[in-house]
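Colleague: Have a look at this one before I ask anything.
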Amino acid sequence: FPHAKGYNHKDNAISLTLGVIKLGMLALCLAYSTYLFVWVYDHRVMTLSPFDWWTWPLVFLGWDFLYYWYHRFGHRVRLFWSEHVNHHSSQYYNFGTALRQSTLAPAYAFVYYLPLAWLGFHPLAITLVGGFNLLYQFWIHTETIQHMGWFERWFNTPSHHRVHHGSNPLYIDKNFGGTLIIFDKWFGTFQAERADEPVRYGLVHNINSYFLPKVIFHEMAHMLRSAWRAKGLRNKLMWI
């Protein structure tokens with residue numbers, strides 16, 4: 001692959017560290033997130049039994065639909081981008097990048113999926129489908145696999161996700177899907193990878209640092225600085 005950059009040991013160490021931090025955050029947030037899922041499920045409007053086969057494709061589609069919006073808001077709302085940016089700050093694209101996770105997401109991301117429990121999907125079914133979605137997204141972080149034919153019409157692939165990690169103007173804020181790519185096509189955020197536009201990975205303004213606190217908090221610091229300097233409460237909130 002002509003523009004493959006391989007691995008950088010410092011960059012990979014940061015990615016692995018961020019992955020471990022996210023696991024710790026998941027453990028810290030497990031009790032109250034589980035409680036909220038169970039509480040919402042207890043107030044469900046119907047019951048969709050995990051023992052019925054047709055429940056699984058429905059919860060799969062529901063999760064991926066909500067993930068699309070969670071992910072899109074993570075790019076379009078600066079407060080959420082300030083922590084999701086971690087996943088995009090690497091200028092490399094490999095399996096290590098897949099582990100470069102948003103460290104604060106476990107504190108709030110689960111809220112997006114509470115409607116599934118309210119509709120009647122069992123919390124265990126929601127958890128299993130969410131786990132599958134997360135595991136699926138690991139293998140698409142590669143430059144080795146190029147195009148996958150008909151599969152790319154429906155599913156997220158390495159080619160589609162390379163676009164998502166691009167800092168090229170053509171590629172910014174495209175391909176938010178998790179497992180499926182259909183929601184991007186429906187909502188106008190799909191962009192195919194182009195041979196005449198090699199993907200430039202990283203941010204529009206790269207941080208060029210392997211100092212862990214800077215990697216995690218640099219965008220949050222910029223956001224708060226912008227809000228502090230703005231005049232009036234409304235302007236401050238708009239920066240956030």
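Chain labels A, B, ... are given in the sequence in which chains occur in the structure tokens; within each chain residues are numbered consecutively from 1, and ligands are likewise numbered from 1 in the order shown.
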Taking 6 positions as the minimum chain separation for residues in the same chain, which residues sit within 8 Å of Arg44 of chain A when counting only C-alpha atoms? Answer as a VMD selection string.

Modeller: chain A and resid 117 to 120

Colleague: Pull N, CA, C and O atoms from the residues just selected and write them as a compact mmCIF listing (two decimals), in the first residue's frame.

Modeller:
# COMPACT_ATOMS: atom_id res chain seq x y z
N ALA A 117 -33.29 -0.24 25.90
CA ALA A 117 -33.86 -0.88 27.09
C ALA A 117 -35.30 -0.45 27.30
O ALA A 117 -36.16 -1.26 27.67
N TRP A 118 -35.59 0.82 27.03
CA TRP A 118 -36.96 1.32 27.17
C TRP A 118 -37.92 0.65 26.18
O TRP A 118 -39.07 0.37 26.50
N LEU A 119 -37.40 0.35 24.99
CA LEU A 119 -38.22 -0.34 23.99
C LEU A 119 -38.46 -1.80 24.33
O LEU A 119 -39.37 -2.41 23.76
N GLY A 120 -37.64 -2.36 25.23
CA GLY A 120 -37.89 -3.72 25.67
C GLY A 120 -36.80 -4.72 25.39
O GLY A 120 -36.95 -5.92 25.66

Colleague: Which residues of segment 48-158 of chain A sit at most 10 Å from segment 20-23 of chain A, using only C-alpha atoms? Give each one's shortest atom pair and distance in Å (one decimal place), in chain and ascending residue order, as CSV.

Modeller:
residue,atom,partner,partner_atom,distance
A:Leu99,CA,A:Val20,CA,8.5
A:Arg100,CA,A:Lys22,CA,9.0
A:Gln101,CA,A:Lys22,CA,6.5
A:Ser102,CA,A:Lys22,CA,6.8
A:Thr103,CA,A:Lys22,CA,4.7
A:Leu104,CA,A:Lys22,CA,7.3
A:Ala105,CA,A:Lys22,CA,8.0
A:Pro106,CA,A:Lys22,CA,7.3

Colleague: To one decimal place in Å, what is the distance between atom CA of Val129 of chain A and atom CA of Leu61 of chain A?

Modeller: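 For atom CA of Val129 of chain A relative to atom CA of Leu61 of chain A, the distance reads 9.5 Å.
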
Colleague: Set out as JSON lines a contact list for segment 25-97 of chain A and segment 5-19 of chain A with a cut-off of 7 Å, giving each residue of segment 25-97 of chain A that qualifies its closest atom pair and distance in Å to one decimal, counting only C-alpha atoms, ordered by chain and rising residue number.

Modeller:
{"residue": "A:Ser90", "atom": "CA", "partner": "A:Asp11", "partner_atom": "CA", "distance": 6.9}
{"residue": "A:Tyr92", "atom": "CA", "partner": "A:Lys5", "partner_atom": "CA", "distance": 6.2}
{"residue": "A:Gly96", "atom": "CA", "partner": "A:Asn12", "partner_atom": "CA", "distance": 5.6}
{"residue": "A:Thr97", "atom": "CA", "partner": "A:Ser15", "partner_atom": "CA", "distance": 6.0}

Colleague: Of the candidates A:Ala107, A:Tyr113, A:Met220, A:Pro198, which shows the shortest atom-to-atom distance to Trp69 of chain A, using only C-alpha atoms?

Modeller: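 Selected residue with least distance to Trp69 of chain A: A:Tyr113.
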
Colleague: Quick one: DSSP helix (DSSP H, G or I) residues in segment 9-235 of chain A, as JSON, numbers by chain?

Modeller: {"A": [9, 10, 11, 12, 13, 14, 15, 16, 17, 18, 19, 20, 21, 22, 23, 24, 25, 26, 27, 28, 29, 30, 31, 32, 33, 34, 35, 36, 37, 38, 39, 40, 41, 42, 55, 56, 57, 58, 59, 60, 61, 62, 63, 64, 65, 66, 67, 68, 69, 70, 71, 72, 73, 74, 75, 76, 78, 79, 80, 81, 82, 83, 84, 85, 86, 87, 88, 95, 96, 97, 98, 105, 106, 107, 109, 110, 111, 112, 113, 114, 115, 116, 117, 118, 119, 123, 124, 125, 126, 127, 128, 129, 130, 131, 132, 133, 134, 135, 136, 137, 138, 139, 149, 150, 151, 152, 153, 158, 159, 160, 161, 162, 163, 164, 182, 183, 184, 185, 186, 187, 212, 213, 214, 215, 216, 217, 218, 219, 220, 221, 222, 223, 224, 225, 226, 227, 228, 229, 233, 234, 235]}

Colleague: Could you tell me which of A:Gln91, A:Thr157, A:Ser33, A:Thr55 comes closest to Tyr108 of chain A if we count only C-alpha atoms?

Modeller: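 Of A:Gln91, A:Thr157, A:Ser33, A:Thr55, the one nearest Tyr108 of chain A is A:Ser33, counting only C-alpha atoms.
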